[in-house]
>>> print(open('structure_36.pdb').read())   # PDB, C-alpha atoms
MODEL        1
ATOM      1  CA  MET A   1     -17.937  16.731  -3.935  1.00  0.00           C
ATOM      2  CA  ALA A   2     -17.662  17.036  -0.136  1.00  0.00           C
ATOM      3  CA  TYR A   3     -16.494  19.834   2.102  1.00  0.00           C
ATOM      4  CA  LEU A   4     -13.626  18.828   4.391  1.00  0.00           C
ATOM      5  CA  ILE A   5     -12.300  20.278   7.643  1.00  0.00           C
ATOM      6  CA  ALA A   6      -9.059  18.493   8.467  1.00  0.00           C
ATOM      7  CA  VAL A   7      -6.974  18.788  11.624  1.00  0.00           C
ATOM      8  CA  TYR A   8      -3.732  16.968  12.364  1.00  0.00           C
ATOM      9  CA  ASP A   9      -1.608  16.551  15.476  1.00  0.00           C
ATOM     10  CA  VAL A  10       1.786  15.078  14.520  1.00  0.00           C
ATOM     11  CA  ASN A  11       5.312  14.924  15.894  1.00  0.00           C
ATOM     12  CA  GLN A  12       7.357  18.079  15.225  1.00  0.00           C
ATOM     13  CA  LYS A  13       9.595  16.062  12.851  1.00  0.00           C
ATOM     14  CA  ARG A  14       6.627  15.459  10.508  1.00  0.00           C
ATOM     15  CA  VAL A  15       4.887  18.863  10.637  1.00  0.00           C
ATOM     16  CA  GLY A  16       6.664  20.133   7.518  1.00  0.00           C
ATOM     17  CA  LYS A  17       5.694  17.116   5.423  1.00  0.00           C
ATOM     18  CA  MET A  18       2.085  17.159   6.625  1.00  0.00           C
ATOM     19  CA  LEU A  19       1.745  20.884   5.943  1.00  0.00           C
ATOM     20  CA  LYS A  20       3.099  20.377   2.440  1.00  0.00           C
ATOM     21  CA  LEU A  21       0.762  17.431   1.801  1.00  0.00           C
ATOM     22  CA  PHE A  22      -2.405  19.104   3.114  1.00  0.00           C
ATOM     23  CA  ARG A  23      -1.696  22.342   1.276  1.00  0.00           C
ATOM     24  CA  ARG A  24      -1.770  20.370  -1.982  1.00  0.00           C
ATOM     25  CA  TYR A  25      -5.409  19.537  -1.358  1.00  0.00           C
ATOM     26  CA  LEU A  26      -6.902  22.048   1.077  1.00  0.00           C
ATOM     27  CA  THR A  27      -6.681  25.640   2.305  1.00  0.00           C
ATOM     28  CA  TRP A  28      -4.668  26.284   5.464  1.00  0.00           C
ATOM     29  CA  VAL A  29      -6.818  27.891   8.150  1.00  0.00           C
ATOM     30  CA  GLN A  30      -4.528  28.121  11.177  1.00  0.00           C
ATOM     31  CA  ASN A  31      -2.179  25.883  13.174  1.00  0.00           C
ATOM     32  CA  SER A  32      -2.763  22.409  11.779  1.00  0.00           C
ATOM     33  CA  VAL A  33      -6.279  23.131  10.497  1.00  0.00           C
ATOM     34  CA  PHE A  34      -7.296  22.952   6.831  1.00  0.00           C
ATOM     35  CA  GLU A  35     -10.531  23.187   4.934  1.00  0.00           C
ATOM     36  CA  GLY A  36     -11.801  22.881   1.389  1.00  0.00           C
ATOM     37  CA  GLU A  37     -13.860  20.987  -1.126  1.00  0.00           C
ATOM     38  CA  LEU A  38     -12.647  17.650  -2.486  1.00  0.00           C
ATOM     39  CA  THR A  39     -13.968  14.937  -4.770  1.00  0.00           C
ATOM     40  CA  GLU A  40     -14.199  11.455  -3.253  1.00  0.00           C
ATOM     41  CA  ALA A  41     -11.106  10.401  -5.214  1.00  0.00           C
ATOM     42  CA  GLN A  42      -9.111  13.401  -3.931  1.00  0.00           C
ATOM     43  CA  PHE A  43     -10.226  12.705  -0.373  1.00  0.00           C
ATOM     44  CA  GLN A  44      -9.192   9.047  -0.598  1.00  0.00           C
ATOM     45  CA  ALA A  45      -5.811  10.042  -2.087  1.00  0.00           C
ATOM     46  CA  LEU A  46      -5.165  12.605   0.690  1.00  0.00           C
ATOM     47  CA  ARG A  47      -6.302  10.115   3.321  1.00  0.00           C
ATOM     48  CA  GLN A  48      -3.904   7.456   2.058  1.00  0.00           C
ATOM     49  CA  GLU A  49      -0.957   9.849   1.726  1.00  0.00           C
ATOM     50  CA  ALA A  50      -1.582  11.167   5.255  1.00  0.00           C
ATOM     51  CA  ASP A  51      -1.946   7.639   6.646  1.00  0.00           C
ATOM     52  CA  ALA A  52       1.422   6.703   5.096  1.00  0.00           C
ATOM     53  CA  LEU A  53       3.126   9.596   6.917  1.00  0.00           C
ATOM     54  CA  LEU A  54       1.614   8.913  10.348  1.00  0.00           C
ATOM     55  CA  GLN A  55       3.781   7.351  13.051  1.00  0.00           C
ATOM     56  CA  ASP A  56       3.662   6.807  16.805  1.00  0.00           C
ATOM     57  CA  GLN A  57       1.208   9.170  18.443  1.00  0.00           C
ATOM     58  CA  ASP A  58       0.383  11.191  15.268  1.00  0.00           C
ATOM     59  CA  GLY A  59      -3.299  11.645  14.509  1.00  0.00           C
ATOM     60  CA  VAL A  60      -5.492  13.195  11.760  1.00  0.00           C
ATOM     61  CA  VAL A  61      -9.239  13.870  11.992  1.00  0.00           C
ATOM     62  CA  PHE A  62     -11.307  14.718   8.868  1.00  0.00           C
ATOM     63  CA  TYR A  63     -14.744  16.220   9.278  1.00  0.00           C
ATOM     64  CA  ARG A  64     -16.445  15.559   5.968  1.00  0.00           C
ATOM     65  CA  LEU A  65     -19.588  17.464   5.238  1.00  0.00           C
ATOM     66  CA  ARG A  66     -21.121  15.641   2.259  1.00  0.00           C
ATOM     67  CA  ASP A  67     -22.411  18.455   0.057  1.00  0.00           C
ATOM     68  CA  GLU A  68     -22.254  20.688   3.139  1.00  0.00           C
ATOM     69  CA  ARG A  69     -25.392  19.167   4.648  1.00  0.00           C
ATOM     70  CA  TYR A  70     -24.195  16.081   6.512  1.00  0.00           C
ATOM     71  CA  ARG A  71     -21.254  15.753   8.861  1.00  0.00           C
ATOM     72  CA  ASP A  72     -19.009  12.692   9.014  1.00  0.00           C
ATOM     73  CA  ARG A  73     -16.097  12.281  11.368  1.00  0.00           C
ATOM     74  CA  ILE A  74     -13.197  10.058  10.269  1.00  0.00           C
ATOM     75  CA  ALA A  75     -10.185   9.540  12.570  1.00  0.00           C
ATOM     76  CA  LEU A  76      -6.800   8.157  11.358  1.00  0.00           C
ATOM     77  CA  GLY A  77      -3.922   7.180  13.631  1.00  0.00           C
ATOM     78  CA  GLU A  78      -4.161   7.950  17.352  1.00  0.00           C
ATOM     79  CA  GLU A  79      -7.089   9.966  18.649  1.00  0.00           C
ATOM     80  CA  LYS A  80      -5.808  12.378  21.243  1.00  0.00           C
ATOM     81  CA  GLY A  81      -9.189  13.736  22.281  1.00  0.00           C
ATOM     82  CA  GLU A  82     -10.414  13.636  25.872  1.00  0.00           C
ATOM     83  CA  ARG A  83     -12.315  10.466  25.071  1.00  0.00           C
ATOM     84  CA  SER A  84      -9.106   8.459  24.816  1.00  0.00           C
ATOM     85  CA  ARG A  85      -7.014   9.726  27.704  1.00  0.00           C
ATOM     86  CA  PHE A  86      -7.294  12.285  30.451  1.00  0.00           C
ATOM     87  CA  LEU A  87      -5.103  15.365  29.795  1.00  0.00           C
TER      88      LEU A  87
ATOM     89  CA  MET B   1     -28.938  22.690  19.230  1.00  0.00           C
ATOM     90  CA  ALA B   2     -25.964  22.927  16.836  1.00  0.00           C
ATOM     91  CA  TYR B   3     -22.839  20.880  16.433  1.00  0.00           C
ATOM     92  CA  LEU B   4     -19.652  22.932  16.770  1.00  0.00           C
ATOM     93  CA  ILE B   5     -16.078  22.326  15.633  1.00  0.00           C
ATOM     94  CA  ALA B   6     -13.904  25.042  17.142  1.00  0.00           C
ATOM     95  CA  VAL B   7     -10.232  25.748  16.467  1.00  0.00           C
ATOM     96  CA  TYR B   8      -8.141  28.490  18.010  1.00  0.00           C
ATOM     97  CA  ASP B   9      -4.689  29.879  17.305  1.00  0.00           C
ATOM     98  CA  VAL B  10      -3.604  32.129  20.194  1.00  0.00           C
ATOM     99  CA  ASN B  11      -0.384  33.456  21.726  1.00  0.00           C
ATOM    100  CA  GLN B  12       1.360  30.966  24.016  1.00  0.00           C
ATOM    101  CA  LYS B  13       0.542  33.220  27.015  1.00  0.00           C
ATOM    102  CA  ARG B  14      -3.188  32.640  26.473  1.00  0.00           C
ATOM    103  CA  VAL B  15      -3.252  28.927  25.550  1.00  0.00           C
ATOM    104  CA  GLY B  16      -3.958  27.835  29.137  1.00  0.00           C
ATOM    105  CA  LYS B  17      -6.913  30.169  29.545  1.00  0.00           C
ATOM    106  CA  MET B  18      -8.389  29.241  26.152  1.00  0.00           C
ATOM    107  CA  LEU B  19      -8.026  25.515  26.833  1.00  0.00           C
ATOM    108  CA  LYS B  20      -9.779  25.948  30.172  1.00  0.00           C
ATOM    109  CA  LEU B  21     -12.584  28.008  28.617  1.00  0.00           C
ATOM    110  CA  PHE B  22     -13.213  25.678  25.648  1.00  0.00           C
ATOM    111  CA  ARG B  23     -13.146  22.571  27.819  1.00  0.00           C
ATOM    112  CA  ARG B  24     -16.064  24.028  29.817  1.00  0.00           C
ATOM    113  CA  TYR B  25     -18.222  23.866  26.674  1.00  0.00           C
ATOM    114  CA  LEU B  26     -16.737  21.348  24.237  1.00  0.00           C
ATOM    115  CA  THR B  27     -14.703  18.141  23.977  1.00  0.00           C
ATOM    116  CA  TRP B  28     -11.006  18.505  23.267  1.00  0.00           C
ATOM    117  CA  VAL B  29     -10.013  16.698  20.067  1.00  0.00           C
ATOM    118  CA  GLN B  30      -6.333  17.509  19.634  1.00  0.00           C
ATOM    119  CA  ASN B  31      -4.043  20.545  19.627  1.00  0.00           C
ATOM    120  CA  SER B  32      -6.375  23.503  19.762  1.00  0.00           C
ATOM    121  CA  VAL B  33      -9.353  21.677  18.255  1.00  0.00           C
ATOM    122  CA  PHE B  34     -12.660  21.082  20.057  1.00  0.00           C
ATOM    123  CA  GLU B  35     -16.032  19.718  19.117  1.00  0.00           C
ATOM    124  CA  GLY B  36     -19.453  19.209  20.642  1.00  0.00           C
ATOM    125  CA  GLU B  37     -23.092  20.125  20.698  1.00  0.00           C
ATOM    126  CA  LEU B  38     -24.217  23.468  22.100  1.00  0.00           C
ATOM    127  CA  THR B  39     -27.457  25.400  22.424  1.00  0.00           C
ATOM    128  CA  GLU B  40     -27.527  28.824  20.789  1.00  0.00           C
ATOM    129  CA  ALA B  41     -27.222  30.460  24.231  1.00  0.00           C
ATOM    130  CA  GLN B  42     -24.170  28.328  25.119  1.00  0.00           C
ATOM    131  CA  PHE B  43     -22.563  29.128  21.772  1.00  0.00           C
ATOM    132  CA  GLN B  44     -23.090  32.866  22.228  1.00  0.00           C
ATOM    133  CA  ALA B  45     -21.683  32.692  25.776  1.00  0.00           C
ATOM    134  CA  LEU B  46     -18.577  30.772  24.608  1.00  0.00           C
ATOM    135  CA  ARG B  47     -18.154  33.150  21.674  1.00  0.00           C
ATOM    136  CA  GLN B  48     -18.256  36.204  23.943  1.00  0.00           C
ATOM    137  CA  GLU B  49     -15.895  34.719  26.553  1.00  0.00           C
ATOM    138  CA  ALA B  50     -13.444  33.730  23.795  1.00  0.00           C
ATOM    139  CA  ASP B  51     -13.693  37.150  22.155  1.00  0.00           C
ATOM    140  CA  ALA B  52     -12.890  38.815  25.501  1.00  0.00           C
ATOM    141  CA  LEU B  53      -9.664  36.788  25.784  1.00  0.00           C
ATOM    142  CA  LEU B  54      -8.417  37.426  22.244  1.00  0.00           C
ATOM    143  CA  GLN B  55      -5.550  39.867  21.699  1.00  0.00           C
ATOM    144  CA  ASP B  56      -3.109  40.811  18.951  1.00  0.00           C
ATOM    145  CA  GLN B  57      -2.891  38.070  16.355  1.00  0.00           C
ATOM    146  CA  ASP B  58      -5.089  35.530  18.216  1.00  0.00           C
ATOM    147  CA  GLY B  59      -7.877  33.940  16.185  1.00  0.00           C
ATOM    148  CA  VAL B  60     -10.790  31.516  16.733  1.00  0.00           C
ATOM    149  CA  VAL B  61     -12.846  29.828  14.016  1.00  0.00           C
ATOM    150  CA  PHE B  62     -16.151  28.047  14.797  1.00  0.00           C
ATOM    151  CA  TYR B  63     -17.648  25.681  12.265  1.00  0.00           C
ATOM    152  CA  ARG B  64     -21.273  25.420  13.274  1.00  0.00           C
ATOM    153  CA  LEU B  65     -23.287  22.624  11.783  1.00  0.00           C
ATOM    154  CA  ARG B  66     -26.880  23.533  12.565  1.00  0.00           C
ATOM    155  CA  ASP B  67     -28.448  20.184  13.509  1.00  0.00           C
ATOM    156  CA  GLU B  68     -25.525  18.497  11.770  1.00  0.00           C
ATOM    157  CA  ARG B  69     -26.882  19.205   8.290  1.00  0.00           C
ATOM    158  CA  TYR B  70     -25.713  22.710   7.443  1.00  0.00           C
ATOM    159  CA  ARG B  71     -22.264  24.221   7.890  1.00  0.00           C
ATOM    160  CA  ASP B  72     -21.589  27.791   9.006  1.00  0.00           C
ATOM    161  CA  ARG B  73     -18.157  29.325   9.432  1.00  0.00           C
ATOM    162  CA  ILE B  74     -17.721  32.088  11.982  1.00  0.00           C
ATOM    163  CA  ALA B  75     -14.297  33.745  12.494  1.00  0.00           C
ATOM    164  CA  LEU B  76     -13.354  35.866  15.553  1.00  0.00           C
ATOM    165  CA  GLY B  77     -10.182  37.917  15.842  1.00  0.00           C
ATOM    166  CA  GLU B  78      -7.505  37.567  13.182  1.00  0.00           C
ATOM    167  CA  GLU B  79      -7.868  34.957  10.448  1.00  0.00           C
ATOM    168  CA  LYS B  80      -4.545  33.338   9.832  1.00  0.00           C
ATOM    169  CA  GLY B  81      -5.549  31.216   6.898  1.00  0.00           C
ATOM    170  CA  GLU B  82      -3.818  31.365   3.515  1.00  0.00           C
ATOM    171  CA  ARG B  83      -6.511  33.709   2.285  1.00  0.00           C
ATOM    172  CA  SER B  84      -5.225  36.517   4.459  1.00  0.00           C
ATOM    173  CA  ARG B  85      -1.452  36.255   4.152  1.00  0.00           C
ATOM    174  CA  PHE B  86       1.123  34.126   2.436  1.00  0.00           C
ATOM    175  CA  LEU B  87       2.917  31.759   4.834  1.00  0.00           C
TER     176      LEU B  87
ENDMDL
END
>>> encode(input="structure_36.pdb", output="structure tokens")
Amino acid sequence: MAYLIAVYDVNQKRVGKMLKLFRRYLTWVQNSVFEGELTEAQFQALRQEADALLQDQDGVVFYRLRDERYRDRIALGEEKGERSRFL
Amino acid sequence: MAYLIAVYDVNQKRVGKMLKLFRRYLTWVQNSVFEGELTEAQFQALRQEADALLQDQDGVVFYRLRDERYRDRIALGEEKGERSRFL
């Protein structure tokens, strides 16, 4: 099992679908932020389903805390953070 | 030092101020999501400045990963997650 914090930044047209998808796997925290525990298989399934929905400038970042002790950072789609372009 | 993932959900009137505050301490990831490494003193300072800005239904959640191995969850203001009210 791993503990996931997931955040997405998608076009308004896709917010509904992403919310629905993420709520199937994780707990909604606020805005487009979710958290919860997932098996590796569940994580891979969510990751693939999210990837299939992404278009254009959409982006998803998963912070995966393997058994709550390690932190991984996995970015799908476009990263909108300050590292990629100046606001 | 600790690694922080911070997410906020605030009234539109306060988004500008929160963005400015969080960017002084952390790296913007997307939407209202930030991450970065902070000393305990920096974290407490950010936490207090954020708390002073919060009003009404605003909320901030910090995920603090002490030296990237442990995960803490600290919520300020109102928690908007599914645990507190049905969407």
>>> closest_residue(input="structure_36.pdb", among="A:Leu21, A:Leu4, A:Leu65, A:Val29", to="Asp51 (chain A)", atoms="all atoms listed in the file")
A:Leu21
>>> closest_residue(input="structure_36.pdb", among="B:Gln48, B:Gln12, B:Gln42, B:Gln30", to="chain A", atoms="only C-alpha atoms")
B:Gln30
>>> closest_residue(input="structure_36.pdb", among="B:Asp56, B:Val33, B:Glu40, B:Met1", to="chain A", atoms="only C-alpha atoms")
B:Val33
>>> residues_around(input="structure_36.pdb", residues="Glu37 (chain B)", least_positions_apart="2", cutoff="8 Å", atoms="all atoms listed in the file", output="PyMOL selection string")
chain B and resi 1-4+26+35+39
>>> atom_distance(input="structure_36.pdb", atom1="CA of Arg24 (chain B)", atom2="CA of Val60 (chain A)")
23.6 Å
>>> resolve_selection(input="structure_36.pdb", expression="the PyMOL selection byres ((chain A and resi 32) around 8)", output="VMD selection string")
chain A and resid 7 to 9 19 28 to 31 33 to 34
>>> closest_residue(input="structure_36.pdb", among="B:Met18, B:Leu54, B:Val61, B:Leu38", to="chain A", atoms="only C-alpha atoms")
B:Val61
>>> atom_distance(input="structure_36.pdb", atom1="CA of Arg23 (chain A)", atom2="CA of Gly36 (chain A)")
10.1 Å
>>> atom_distance(input="structure_36.pdb", atom1="CA of Val15 (chain A)", atom2="CA of Phe43 (chain A)")
19.7 Å
